[in-house]
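Colleague: The structure under discussion is supplied below as structure tokens; questions concerning it will follow.
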Amino acid sequence: LSAQSFGVTGGFTSSELKIKDIDKTSVAGFHAGVAFNVPLISGLALQPGLQYNVKGTSLSSLRTSIGYVEMPVQLQWGLDLLLLRPYIFTEPFIGYAVNWSASESHTSIGSDLSLDKLNSRLEYGLGVGAGVDLFDRIQLSFRYYWNFEDCGVGNYFDLVKDHVTERESFNGLLLTIGVFF
């Protein structure tokens, strides 16, 4: 993007908790938000944003997801090739849990969940990835992220309490498309 621009972003989120010795799978979620891209010097750009991101995991018969309001700040470096700009980036982020749901064997147990029972509603982490700006308006990106804060879901469900041997936080992938004006 050659000049400062505002955009809307959204895409696919795939995440899972780091818990050992339990059959777990990634859960598909989504993210949507806004971003502001500011070109700097020598191919650098700064892109702060605000987004809603749903992260979750599936553990045996239990599926849980947490919705976060996040503020990522992406630092990009890329080459301007006229109609496209490929770039790489790093992206620290902070977030706050605003909702939580869970289901077990096709039965919703979400009404019994309280965000206050999580160890922390705060999350923070780091993402790294690559992307491309097309025609100075469309942005496609792929990133892998690590959460550094323990979300505390394992303290709530007996199924996972005895299996938490490392930090219990979400890691995953995001595929994002953005349209800038």
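Chain labels run A, B, ... following the order of the structure tokens; each chain numbers its residues from 1, and ligands are numbered from 1 in the order shown.
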Could you give me, as a VMD selection string, the residues within 10 Å of stretch 28-37 of chain A, counting only C-alpha atoms and dropping anything in the same chain fewer than 5 positions from it?
Modeller: chain A and resid 1 to 16 45 to 58 65 to 76 172 to 181
Colleague: Taking only C-alpha atoms into account, name the residue in A:Leu44, A:Ile88, A:Ala97, A:Leu140 that is nearest to A:Gly127.
Modeller: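 Answer, going by the shortest atom-to-atom distance: A:Ile88.
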Colleague: Which one of A:Leu62, A:Gly43, A:Leu84, A:Tyr124 sits closest to A:Asp136 if you count only C-alpha atoms?
Modeller: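 Among A:Leu62, A:Gly43, A:Leu84, A:Tyr124, it is A:Leu84 that comes nearest to A:Asp136.
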Colleague: Could you check which of A:Phe142, A:Phe148, A:Phe135, A:Phe170 is closest to A:Leu81, using only C-alpha atoms?
Modeller: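 Closest candidate: A:Phe135.
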Colleague: Quick one: residues within 9 Å of A:Arg85, only C-alpha atoms counted, chain neighbours fewer than 5 positions away excluded, as a list in words?
Modeller: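 In the requested format, the answer is Leu1, Gly78, Leu79, Asp80, Gly131, Val132, Asp133, Leu134, Phe135 and Asp136 of chain A.
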Colleague: Which one of A:Ser101, A:Trp146, A:Trp77, A:Gly129 sits closest to A:Pro39 if you count only C-alpha atoms?
Modeller: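 The shortest atom-to-atom distance to A:Pro39 comes from A:Trp77.
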